[in-house]
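**Q** Dropping a structure here in structure tokens format, bear with me for questions.
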Amino acid sequence: MSFKNKLVSPYSVDAPQSLDELKERLESITGKTLLELADKALVQLPRNTTSGKGFTGELLEILLGASAGNLPVPDFPQLRLELKTLPVDKNLKPLESTFICHAPLINKRRQRFEDSALFCKISSILFIFVLASRDLPFAERKIMGFHFFKPSAEELSLIKEDWEELMEMVSLGQVQQITARYGTVIQMRPKAADGSQLTDCIGPDGTMIKTRPRGFYMRRAFTQKIIEKIKAAHFPS
């Protein structure tokens with residue numbers, strides 16, 4: 001089973017109309033394993049973590065009533081809230097950086113950060129923490145908890161600086177020079193199933209060339225800071 005195509009389920013729930021309604025749904029899935037949640041949504045678990053990449057997020061979208069689909073808007077448009085799953089180990093250490101959205105690779109020199117897809121997605125995020133240690137069978141992965149995150153003015157300023165630096169490099173035809181080392185909070189990295197997927201970008205001489213699609217990712221060190229701030233309240237020992 002591959003999840004390049006959107007996960008389809010006969011299970012259906014209306015989009016939540018308030019944060020309180022969404023919280024009730026979140027509390028009902030906290031502590032549940034992916035096997036339990038897949039049974040509820042009437043879908044089969046993937047054979048392994050490779051074929052099931054993206055499965056957890058799509059499963060939670062179905063169960064929680066996320067309604068954005070493939071539109072470039074937050075997953076819960078009526079709440080202006082983006083959903084992101086965050087795999088963690090038993091010590092609540094993030095296991096990977098968090099994909100936020102695709103990065104535009106054509107000329108966006110005149111676009112403001114406040115009008116960008118990144119700003120739209122990152123302004124208000126629902127993080128769902130998933131116990132997903134490498135040695136844990138897929139079926140036994142479990143929902144650990146959740147947190148509603150809004151960047152502070154200082155954090156948003158850092159994100160804006162990252163976006164402006166990266167998009168300036170894109171505008172100057174320096175996409176191929178961008179590495180994961182750029183960016184304090186947000187980094188730009190290839191986002192594609194394999195190297196055969198290509199898209200247009202601005203080349204060094206200003207003409208269009210082909211390159212792998214890129215995405216904006218939130219650094220693992222930053223999500224670790226988020227967890228440390230809420231750990232005592234959300235995950236009492």
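Following the order of the structure tokens, chains are lettered A, B, ..., residues in each are numbered from 1, and ligands are numbered from 1.
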List the neighbours of Leu19 in chain A out to 12 Å using only C-alpha atoms; skip same-chain residues closer than 2 positions along the sequence, and give me the result as a list of chain:residue names.
**A**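 With the cut-off at 12 Å, the set is A:Ala15, A:Pro16, A:Gln17, A:Glu21, A:Leu22, A:Lys23, A:Glu24, A:Arg25, A:Leu26, A:Leu64, A:Phe76, A:Gln78, A:Leu79, A:Arg80, A:Leu81, A:Leu126, A:His147, A:Phe148.
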**Q** I need the residues from that last selection saved to file as a PDB file, in the first residue's frame (with C-alpha atoms), if you can.
**A**
```pdb
ATOM      1  CA  ALA A  15     -15.276  19.630  10.160  1.00  0.00           C
ATOM      2  CA  PRO A  16     -15.062  20.912  13.758  1.00  0.00           C
ATOM      3  CA  GLN A  17     -16.708  24.290  14.196  1.00  0.00           C
ATOM      4  CA  GLU A  21     -15.059  20.567  19.516  1.00  0.00           C
ATOM      5  CA  LEU A  22     -11.652  19.780  18.045  1.00  0.00           C
ATOM      6  CA  LYS A  23     -10.152  19.309  21.527  1.00  0.00           C
ATOM      7  CA  GLU A  24     -12.830  16.735  22.349  1.00  0.00           C
ATOM      8  CA  ARG A  25     -11.856  14.743  19.276  1.00  0.00           C
ATOM      9  CA  LEU A  26      -8.153  15.063  20.117  1.00  0.00           C
ATOM     10  CA  LEU A  64     -10.495  14.902  13.160  1.00  0.00           C
ATOM     11  CA  PHE A  76      -8.895  23.324   9.310  1.00  0.00           C
ATOM     12  CA  GLN A  78     -12.665  27.542   9.446  1.00  0.00           C
ATOM     13  CA  LEU A  79     -10.312  27.538  12.461  1.00  0.00           C
ATOM     14  CA  ARG A  80      -7.308  28.812  10.469  1.00  0.00           C
ATOM     15  CA  LEU A  81      -5.346  25.932  11.918  1.00  0.00           C
ATOM     16  CA  LEU A 126      -1.880  21.907  15.897  1.00  0.00           C
ATOM     17  CA  HIS A 147      -0.452  21.208  21.485  1.00  0.00           C
ATOM     18  CA  PHE A 148      -1.792  24.357  19.818  1.00  0.00           C
TER      19      PHE A 148
END
```
**Q** Looking only at the backbone, which of the residues in range 79-185 of chain A does DSSP tag as strand (DSSP E), as an MDAnalysis selection string?
**A** chainID A and resid 82:88 98:103 125:131 142:149
**Q** Could you turn the residues from that selection into a file that holds N, CA and C atoms, as a PDB file, in the first residue's frame?
**A**
```
ATOM      1  N   GLU A  82      -3.426  24.733  11.082  1.00  0.00           N
ATOM      2  CA  GLU A  82      -2.701  23.705  10.336  1.00  0.00           C
ATOM      3  C   GLU A  82      -2.436  22.507  11.242  1.00  0.00           C
ATOM      4  N   LEU A  83      -2.526  21.296  10.684  1.00  0.00           N
ATOM      5  CA  LEU A  83      -2.266  20.070  11.435  1.00  0.00           C
ATOM      6  C   LEU A  83      -0.909  19.502  11.051  1.00  0.00           C
ATOM      7  N   LYS A  84      -0.073  19.235  12.061  1.00  0.00           N
ATOM      8  CA  LYS A  84       1.224  18.613  11.815  1.00  0.00           C
ATOM      9  C   LYS A  84       1.442  17.490  12.822  1.00  0.00           C
ATOM     10  N   THR A  85       1.756  16.302  12.316  1.00  0.00           N
ATOM     11  CA  THR A  85       2.144  15.216  13.210  1.00  0.00           C
ATOM     12  C   THR A  85       3.639  15.330  13.494  1.00  0.00           C
ATOM     13  N   LEU A  86       4.011  15.055  14.722  1.00  0.00           N
ATOM     14  CA  LEU A  86       5.410  15.170  15.132  1.00  0.00           C
ATOM     15  C   LEU A  86       5.862  13.854  15.760  1.00  0.00           C
ATOM     16  N   PRO A  87       6.584  13.015  15.011  1.00  0.00           N
ATOM     17  CA  PRO A  87       7.083  11.749  15.570  1.00  0.00           C
ATOM     18  C   PRO A  87       8.113  12.016  16.672  1.00  0.00           C
ATOM     19  N   VAL A  88       7.954  11.336  17.803  1.00  0.00           N
ATOM     20  CA  VAL A  88       8.874  11.497  18.930  1.00  0.00           C
ATOM     21  C   VAL A  88       9.255  10.120  19.466  1.00  0.00           C
ATOM     22  N   THR A  98      10.068  18.943  10.614  1.00  0.00           N
ATOM     23  CA  THR A  98       8.648  18.938  10.279  1.00  0.00           C
ATOM     24  C   THR A  98       8.391  19.670   8.971  1.00  0.00           C
ATOM     25  N   PHE A  99       7.863  18.958   7.985  1.00  0.00           N
ATOM     26  CA  PHE A  99       7.509  19.592   6.717  1.00  0.00           C
ATOM     27  C   PHE A  99       6.354  20.559   6.941  1.00  0.00           C
ATOM     28  N   ILE A 100       6.518  21.802   6.440  1.00  0.00           N
ATOM     29  CA  ILE A 100       5.466  22.810   6.597  1.00  0.00           C
ATOM     30  C   ILE A 100       4.683  23.006   5.297  1.00  0.00           C
ATOM     31  N   CYS A 101       5.392  23.282   4.199  1.00  0.00           N
ATOM     32  CA  CYS A 101       4.716  23.480   2.922  1.00  0.00           C
ATOM     33  C   CYS A 101       5.741  23.451   1.798  1.00  0.00           C
ATOM     34  N   HIS A 102       5.269  23.381   0.575  1.00  0.00           N
ATOM     35  CA  HIS A 102       6.157  23.422  -0.575  1.00  0.00           C
ATOM     36  C   HIS A 102       6.718  24.833  -0.740  1.00  0.00           C
ATOM     37  N   ALA A 103       7.931  24.907  -1.258  1.00  0.00           N
ATOM     38  CA  ALA A 103       8.587  26.199  -1.477  1.00  0.00           C
ATOM     39  C   ALA A 103       8.483  26.587  -2.951  1.00  0.00           C
ATOM     40  N   ILE A 125      -0.590  26.325  14.452  1.00  0.00           N
ATOM     41  CA  ILE A 125      -0.359  24.907  14.173  1.00  0.00           C
ATOM     42  C   ILE A 125      -0.861  24.035  15.313  1.00  0.00           C
ATOM     43  N   LEU A 126      -1.551  22.962  14.944  1.00  0.00           N
ATOM     44  CA  LEU A 126      -1.880  21.907  15.897  1.00  0.00           C
ATOM     45  C   LEU A 126      -0.836  20.812  15.742  1.00  0.00           C
ATOM     46  N   PHE A 127       0.039  20.675  16.735  1.00  0.00           N
ATOM     47  CA  PHE A 127       1.015  19.591  16.742  1.00  0.00           C
ATOM     48  C   PHE A 127       0.399  18.388  17.452  1.00  0.00           C
ATOM     49  N   ILE A 128       0.459  17.233  16.798  1.00  0.00           N
ATOM     50  CA  ILE A 128       0.045  15.984  17.432  1.00  0.00           C
ATOM     51  C   ILE A 128       1.290  15.117  17.569  1.00  0.00           C
ATOM     52  N   PHE A 129       1.641  14.782  18.803  1.00  0.00           N
ATOM     53  CA  PHE A 129       2.865  14.036  19.083  1.00  0.00           C
ATOM     54  C   PHE A 129       2.587  12.538  18.993  1.00  0.00           C
ATOM     55  N   VAL A 130       3.371  11.867  18.167  1.00  0.00           N
ATOM     56  CA  VAL A 130       3.170  10.445  17.911  1.00  0.00           C
ATOM     57  C   VAL A 130       4.405   9.668  18.355  1.00  0.00           C
ATOM     58  N   LEU A 131       4.224   8.722  19.283  1.00  0.00           N
ATOM     59  CA  LEU A 131       5.328   7.857  19.683  1.00  0.00           C
ATOM     60  C   LEU A 131       5.661   6.968  18.492  1.00  0.00           C
ATOM     61  N   LYS A 142       1.734   5.298  18.798  1.00  0.00           N
ATOM     62  CA  LYS A 142       0.651   5.772  19.652  1.00  0.00           C
ATOM     63  C   LYS A 142       0.604   7.294  19.715  1.00  0.00           C
ATOM     64  N   ILE A 143      -0.609   7.847  19.839  1.00  0.00           N
ATOM     65  CA  ILE A 143      -0.795   9.289  19.998  1.00  0.00           C
ATOM     66  C   ILE A 143      -0.468   9.655  21.447  1.00  0.00           C
ATOM     67  N   MET A 144       0.555  10.507  21.611  1.00  0.00           N
ATOM     68  CA  MET A 144       1.017  10.877  22.951  1.00  0.00           C
ATOM     69  C   MET A 144       0.306  12.106  23.512  1.00  0.00           C
ATOM     70  N   GLY A 145      -0.105  12.998  22.641  1.00  0.00           N
ATOM     71  CA  GLY A 145      -0.728  14.230  23.098  1.00  0.00           C
ATOM     72  C   GLY A 145      -0.757  15.236  21.968  1.00  0.00           C
ATOM     73  N   PHE A 146      -1.141  16.472  22.302  1.00  0.00           N
ATOM     74  CA  PHE A 146      -1.259  17.509  21.278  1.00  0.00           C
ATOM     75  C   PHE A 146      -0.993  18.883  21.883  1.00  0.00           C
ATOM     76  N   HIS A 147      -0.732  19.845  21.015  1.00  0.00           N
ATOM     77  CA  HIS A 147      -0.452  21.208  21.485  1.00  0.00           C
ATOM     78  C   HIS A 147      -0.800  22.199  20.382  1.00  0.00           C
ATOM     79  N   PHE A 148      -1.494  23.270  20.754  1.00  0.00           N
ATOM     80  CA  PHE A 148      -1.792  24.357  19.818  1.00  0.00           C
ATOM     81  C   PHE A 148      -0.672  25.380  19.908  1.00  0.00           C
ATOM     82  N   PHE A 149       0.009  25.599  18.792  1.00  0.00           N
ATOM     83  CA  PHE A 149       1.194  26.468  18.771  1.00  0.00           C
ATOM     84  C   PHE A 149       0.966  27.701  17.908  1.00  0.00           C
TER      85      PHE A 149
END
```
**Q** Extract, using only C-alpha atoms, all DNA, RNA and protein residues at most 7 Å from range 179-189 of chain A, discarding same-chain residues fewer than 2 positions from it, and format them as a list of chain:residue names.
**A**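 These residues fall inside the cut-off: A:Leu158, A:Ile159, A:Asp162, A:Gln177, A:Lys191, A:Arg214, A:Gly215, A:Phe216, A:Tyr217, A:Met218, A:Arg219, A:Phe222.
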**Q** Please write the residues from the selection above to a file, keeping all heavy atoms, as an mmCIF file, in the first residue's frame.
**A**
```
data_model
loop_
_atom_site.group_PDB
_atom_site.id
_atom_site.type_symbol
_atom_site.label_atom_id
_atom_site.label_comp_id
_atom_site.auth_asym_id
_atom_site.auth_seq_id
_atom_site.Cartn_x
_atom_site.Cartn_y
_atom_site.Cartn_z
ATOM 1 N N LEU A 158 12.164 35.588 13.393
ATOM 2 C CA LEU A 158 13.222 34.670 12.952
ATOM 3 C C LEU A 158 12.790 33.882 11.715
ATOM 4 O O LEU A 158 13.571 33.690 10.779
ATOM 5 C CB LEU A 158 13.584 33.701 14.078
ATOM 6 C CG LEU A 158 14.305 34.298 15.289
ATOM 7 C CD1 LEU A 158 14.440 33.255 16.393
ATOM 8 C CD2 LEU A 158 15.681 34.836 14.896
ATOM 9 N N ILE A 159 11.531 33.441 11.727
ATOM 10 C CA ILE A 159 11.001 32.693 10.579
ATOM 11 C C ILE A 159 10.966 33.590 9.340
ATOM 12 O O ILE A 159 11.308 33.149 8.235
ATOM 13 C CB ILE A 159 9.600 32.144 10.911
ATOM 14 C CG1 ILE A 159 9.702 31.090 12.014
ATOM 15 C CG2 ILE A 159 8.935 31.561 9.664
ATOM 16 C CD1 ILE A 159 8.375 30.689 12.621
ATOM 17 N N ASP A 162 14.424 33.894 7.917
ATOM 18 C CA ASP A 162 14.777 32.677 7.178
ATOM 19 C C ASP A 162 14.125 32.683 5.799
ATOM 20 O O ASP A 162 14.777 32.404 4.784
ATOM 21 C CB ASP A 162 14.321 31.432 7.947
ATOM 22 C CG ASP A 162 15.123 31.192 9.217
ATOM 23 O OD1 ASP A 162 16.224 31.755 9.346
ATOM 24 O OD2 ASP A 162 14.631 30.432 10.080
ATOM 25 N N GLN A 177 22.445 26.032 -4.480
ATOM 26 C CA GLN A 177 23.419 26.315 -3.422
ATOM 27 C C GLN A 177 22.795 26.251 -2.029
ATOM 28 O O GLN A 177 23.502 26.300 -1.020
ATOM 29 C CB GLN A 177 24.042 27.697 -3.638
ATOM 30 C CG GLN A 177 24.813 27.823 -4.953
ATOM 31 C CD GLN A 177 25.324 29.237 -5.180
ATOM 32 O OE1 GLN A 177 25.666 29.949 -4.230
ATOM 33 N NE2 GLN A 177 25.368 29.663 -6.436
ATOM 34 N N LYS A 191 11.957 18.059 -1.642
ATOM 35 C CA LYS A 191 10.709 17.421 -1.226
ATOM 36 C C LYS A 191 10.162 16.662 -2.421
ATOM 37 O O LYS A 191 9.450 17.214 -3.258
ATOM 38 C CB LYS A 191 9.705 18.480 -0.752
ATOM 39 C CG LYS A 191 8.300 17.965 -0.438
ATOM 40 C CD LYS A 191 8.273 17.007 0.718
ATOM 41 C CE LYS A 191 6.833 16.617 1.066
ATOM 42 N NZ LYS A 191 6.775 15.605 2.128
ATOM 43 N N ARG A 214 11.276 21.634 -3.785
ATOM 44 C CA ARG A 214 11.775 21.937 -2.446
ATOM 45 C C ARG A 214 10.604 22.189 -1.495
ATOM 46 O O ARG A 214 9.512 22.568 -1.899
ATOM 47 C CB ARG A 214 12.674 23.174 -2.451
ATOM 48 C CG ARG A 214 13.919 23.106 -3.329
ATOM 49 C CD ARG A 214 14.865 21.993 -2.927
ATOM 50 N NE ARG A 214 16.223 22.214 -3.387
ATOM 51 C CZ ARG A 214 16.680 21.896 -4.596
ATOM 52 N NH1 ARG A 214 15.867 21.355 -5.490
ATOM 53 N NH2 ARG A 214 17.948 22.113 -4.914
ATOM 54 N N GLY A 215 10.885 21.998 -0.210
ATOM 55 C CA GLY A 215 9.891 22.274 0.814
ATOM 56 C C GLY A 215 10.503 23.051 1.957
ATOM 57 O O GLY A 215 11.724 23.026 2.158
ATOM 58 N N PHE A 216 9.655 23.757 2.692
ATOM 59 C CA PHE A 216 10.081 24.429 3.918
ATOM 60 C C PHE A 216 9.868 23.466 5.089
ATOM 61 O O PHE A 216 8.789 22.895 5.246
ATOM 62 C CB PHE A 216 9.279 25.704 4.159
ATOM 63 C CG PHE A 216 9.591 26.823 3.214
ATOM 64 C CD1 PHE A 216 8.603 27.355 2.388
ATOM 65 C CD2 PHE A 216 10.869 27.368 3.163
ATOM 66 C CE1 PHE A 216 8.883 28.399 1.524
ATOM 67 C CE2 PHE A 216 11.162 28.425 2.291
ATOM 68 C CZ PHE A 216 10.167 28.931 1.472
ATOM 69 N N TYR A 217 10.894 23.310 5.915
ATOM 70 C CA TYR A 217 10.839 22.413 7.068
ATOM 71 C C TYR A 217 11.177 23.172 8.349
ATOM 72 O O TYR A 217 12.077 24.020 8.348
ATOM 73 C CB TYR A 217 11.845 21.266 6.915
ATOM 74 C CG TYR A 217 11.502 20.265 5.835
ATOM 75 C CD1 TYR A 217 11.725 20.546 4.490
ATOM 76 C CD2 TYR A 217 10.964 19.022 6.166
ATOM 77 C CE1 TYR A 217 11.416 19.617 3.500
ATOM 78 C CE2 TYR A 217 10.658 18.083 5.185
ATOM 79 C CZ TYR A 217 10.886 18.393 3.850
ATOM 80 O OH TYR A 217 10.582 17.478 2.871
ATOM 81 N N MET A 218 10.474 22.853 9.420
ATOM 82 C CA MET A 218 10.796 23.407 10.736
ATOM 83 C C MET A 218 11.872 22.529 11.368
ATOM 84 O O MET A 218 11.728 21.312 11.436
ATOM 85 C CB MET A 218 9.550 23.454 11.629
ATOM 86 C CG MET A 218 9.787 24.073 12.995
ATOM 87 S SD MET A 218 8.247 24.155 13.979
ATOM 88 C CE MET A 218 7.407 25.522 13.164
ATOM 89 N N ARG A 219 12.940 23.159 11.816
ATOM 90 C CA ARG A 219 14.057 22.407 12.376
ATOM 91 C C ARG A 219 13.650 21.601 13.607
ATOM 92 O O ARG A 219 12.836 22.036 14.422
ATOM 93 C CB ARG A 219 15.202 23.354 12.744
ATOM 94 C CG ARG A 219 15.958 23.908 11.551
ATOM 95 C CD ARG A 219 17.191 24.671 12.002
ATOM 96 N NE ARG A 219 17.976 25.135 10.876
ATOM 97 C CZ ARG A 219 18.851 24.380 10.213
ATOM 98 N NH1 ARG A 219 19.036 23.122 10.581
ATOM 99 N NH2 ARG A 219 19.528 24.867 9.191
ATOM 100 N N PHE A 222 14.049 23.298 16.919
ATOM 101 C CA PHE A 222 12.997 24.257 17.279
ATOM 102 C C PHE A 222 11.786 23.536 17.870
ATOM 103 O O PHE A 222 11.224 23.986 18.876
ATOM 104 C CB PHE A 222 12.582 25.067 16.052
ATOM 105 C CG PHE A 222 11.604 26.172 16.355
ATOM 106 C CD1 PHE A 222 12.034 27.354 16.949
ATOM 107 C CD2 PHE A 222 10.262 26.026 16.056
ATOM 108 C CE1 PHE A 222 11.130 28.378 17.239
ATOM 109 C CE2 PHE A 222 9.348 27.033 16.337
ATOM 110 C CZ PHE A 222 9.789 28.216 16.930
#
```
**Q** If I take CA of Tyr11 in chain A and CA of Glu58 in chain A, how far is one from the other in Å, to one decimal?
**A**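 Going from CA of Tyr11 in chain A over to CA of Glu58 in chain A, I get 12.5 Å.
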**Q** Pick the closest to Thr56 in chain A from A:Glu96, A:Gly206, A:Cys120, A:Phe138: which is it, counting only C-alpha atoms?
**A**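 Of A:Glu96, A:Gly206, A:Cys120, A:Phe138, the one nearest Thr56 in chain A is A:Phe138, counting only C-alpha atoms.
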**Q** Check range 87-233 of chain A with DSSP on the backbone and list each residue it calls helix (DSSP H, G or I), as a ChimeraX atom specification.
**A** /A:113-115,117-122,138-140,153-171,175-177,220-233
**Q** Those selected residues, please, written with N, CA and C atoms and delivered as a short mmCIF file (atom, residue, chain, number, x, y, z; two decimals), in the first residue's frame.
**A**
```cif
data_model
loop_
_atom_site.label_atom_id
_atom_site.label_comp_id
_atom_site.auth_asym_id
_atom_site.auth_seq_id
_atom_site.Cartn_x
_atom_site.Cartn_y
_atom_site.Cartn_z
N PHE A 113 6.34 38.19 2.94
CA PHE A 113 6.27 37.01 3.80
C PHE A 113 4.85 36.80 4.31
N GLU A 114 4.17 37.91 4.65
CA GLU A 114 2.82 37.83 5.20
C GLU A 114 1.80 37.29 4.19
N ASP A 115 2.16 37.29 2.91
CA ASP A 115 1.27 36.76 1.87
C ASP A 115 1.69 35.38 1.39
N ALA A 117 2.68 31.20 1.47
CA ALA A 117 2.09 29.96 1.97
C ALA A 117 2.69 29.58 3.31
N LEU A 118 3.98 29.87 3.49
CA LEU A 118 4.63 29.54 4.76
C LEU A 118 3.98 30.30 5.92
N PHE A 119 3.73 31.58 5.74
CA PHE A 119 3.09 32.37 6.80
C PHE A 119 1.70 31.83 7.10
N CYS A 120 0.96 31.49 6.03
CA CYS A 120 -0.40 30.97 6.19
C CYS A 120 -0.39 29.68 7.01
N LYS A 121 0.56 28.81 6.74
CA LYS A 121 0.60 27.51 7.39
C LYS A 121 1.16 27.58 8.81
N ILE A 122 2.10 28.49 9.04
CA ILE A 122 2.85 28.48 10.29
C ILE A 122 2.24 29.38 11.37
N PHE A 138 4.72 -0.49 13.39
CA PHE A 138 3.83 0.57 12.93
C PHE A 138 2.49 0.54 13.68
N ALA A 139 1.95 -0.65 13.87
CA ALA A 139 0.63 -0.79 14.51
C ALA A 139 0.63 -0.31 15.95
N GLU A 140 1.82 -0.33 16.59
CA GLU A 140 1.91 0.03 18.00
C GLU A 140 2.28 1.49 18.23
N ALA A 153 6.17 36.83 18.70
CA ALA A 153 6.66 37.88 17.79
C ALA A 153 8.13 37.64 17.46
N GLU A 154 8.91 37.23 18.45
CA GLU A 154 10.33 36.96 18.22
C GLU A 154 10.53 35.77 17.30
N GLU A 155 9.76 34.70 17.54
CA GLU A 155 9.87 33.51 16.70
C GLU A 155 9.44 33.81 15.27
N LEU A 156 8.37 34.59 15.12
CA LEU A 156 7.88 34.93 13.79
C LEU A 156 8.90 35.78 13.04
N SER A 157 9.59 36.64 13.77
CA SER A 157 10.64 37.46 13.16
C SER A 157 11.78 36.60 12.63
N LEU A 158 12.16 35.59 13.39
CA LEU A 158 13.22 34.67 12.95
C LEU A 158 12.79 33.88 11.72
N ILE A 159 11.53 33.44 11.73
CA ILE A 159 11.00 32.69 10.58
C ILE A 159 10.97 33.59 9.34
N LYS A 160 10.56 34.82 9.52
CA LYS A 160 10.52 35.77 8.40
C LYS A 160 11.92 35.99 7.83
N GLU A 161 12.91 36.12 8.70
CA GLU A 161 14.29 36.30 8.24
C GLU A 161 14.76 35.10 7.44
N ASP A 162 14.42 33.89 7.92
CA ASP A 162 14.78 32.68 7.18
C ASP A 162 14.13 32.68 5.80
N TRP A 163 12.84 32.99 5.76
CA TRP A 163 12.09 33.00 4.50
C TRP A 163 12.68 34.01 3.52
N GLU A 164 12.96 35.21 4.00
CA GLU A 164 13.51 36.25 3.13
C GLU A 164 14.88 35.86 2.58
N GLU A 165 15.73 35.27 3.41
CA GLU A 165 17.05 34.85 2.94
C GLU A 165 16.93 33.76 1.88
N LEU A 166 16.10 32.77 2.14
CA LEU A 166 15.95 31.65 1.22
C LEU A 166 15.31 32.09 -0.09
N MET A 167 14.28 32.93 -0.01
CA MET A 167 13.60 33.36 -1.23
C MET A 167 14.46 34.33 -2.03
N GLU A 168 15.33 35.05 -1.39
CA GLU A 168 16.27 35.91 -2.11
C GLU A 168 17.23 35.04 -2.92
N MET A 169 17.70 33.96 -2.32
CA MET A 169 18.58 33.04 -3.03
C MET A 169 17.86 32.41 -4.23
N VAL A 170 16.57 32.07 -4.04
CA VAL A 170 15.78 31.52 -5.14
C VAL A 170 15.69 32.53 -6.27
N SER A 171 15.40 33.78 -5.93
CA SER A 171 15.26 34.84 -6.93
C SER A 171 16.55 35.08 -7.70
N VAL A 175 19.24 28.33 -6.15
CA VAL A 175 18.54 27.22 -5.51
C VAL A 175 19.48 26.05 -5.22
N GLN A 176 20.34 25.75 -6.19
CA GLN A 176 21.23 24.59 -6.04
C GLN A 176 22.26 24.80 -4.92
N GLN A 177 22.44 26.03 -4.48
CA GLN A 177 23.42 26.31 -3.42
C GLN A 177 22.80 26.25 -2.03
N ARG A 220 14.27 20.44 13.74
CA ARG A 220 14.00 19.57 14.88
C ARG A 220 14.38 20.26 16.19
N ALA A 221 15.45 21.05 16.19
CA ALA A 221 15.86 21.75 17.42
C ALA A 221 14.78 22.73 17.88
N PHE A 222 14.05 23.30 16.92
CA PHE A 222 13.00 24.26 17.28
C PHE A 222 11.79 23.54 17.87
N THR A 223 11.38 22.42 17.26
CA THR A 223 10.25 21.68 17.83
C THR A 223 10.61 21.09 19.19
N GLN A 224 11.89 20.79 19.40
CA GLN A 224 12.31 20.31 20.71
C GLN A 224 12.10 21.41 21.76
N LYS A 225 12.38 22.65 21.40
CA LYS A 225 12.16 23.78 22.32
C LYS A 225 10.67 23.92 22.64
N ILE A 226 9.82 23.72 21.64
CA ILE A 226 8.38 23.79 21.87
C ILE A 226 7.97 22.74 22.89
N ILE A 227 8.46 21.52 22.72
CA ILE A 227 8.11 20.43 23.63
C ILE A 227 8.61 20.73 25.05
N GLU A 228 9.82 21.25 25.16
CA GLU A 228 10.37 21.54 26.49
C GLU A 228 9.53 22.57 27.23
N LYS A 229 8.96 23.54 26.49
CA LYS A 229 8.15 24.58 27.11
C LYS A 229 6.85 24.03 27.67
N ILE A 230 6.29 23.00 27.03
CA ILE A 230 4.98 22.50 27.43
C ILE A 230 5.04 21.17 28.16
N LYS A 231 6.23 20.63 28.31
CA LYS A 231 6.39 19.25 28.80
C LYS A 231 5.75 19.04 30.16
N ALA A 232 5.98 19.91 31.09
CA ALA A 232 5.48 19.73 32.46
C ALA A 232 3.96 19.69 32.50
N ALA A 233 3.32 20.56 31.69
CA ALA A 233 1.86 20.64 31.72
C ALA A 233 1.20 19.53 30.91
#
```
**Q** Please indicate the distance in Å from CA of Pro213 in chain A to CA of Thr199 in chain A, rounded to one decimal place.
**A**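 We find that CA of Pro213 in chain A and CA of Thr199 in chain A lie 5.8 Å from each other.
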**Q** When you count only C-alpha atoms, which of these residues is closest to Asn70 in chain A: A:Lys32, A:Lys6, A:Lys150, A:Ala38?
**A**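 Result for the nearest residue to Asn70 in chain A: A:Lys6.
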**Q** Of the candidates A:Pro94, A:Pro77, A:Gly57, A:Pro46, which shows the shortest atom-to-atom distance to Pro137 in chain A, using only C-alpha atoms?
**A** A:Pro46
**Q** Quick one: pull the distance between CA of Pro74 in chain A and CA of Asp89 in chain A, Å, one decimal.
**A**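 These atoms are spaced 26.8 Å apart.
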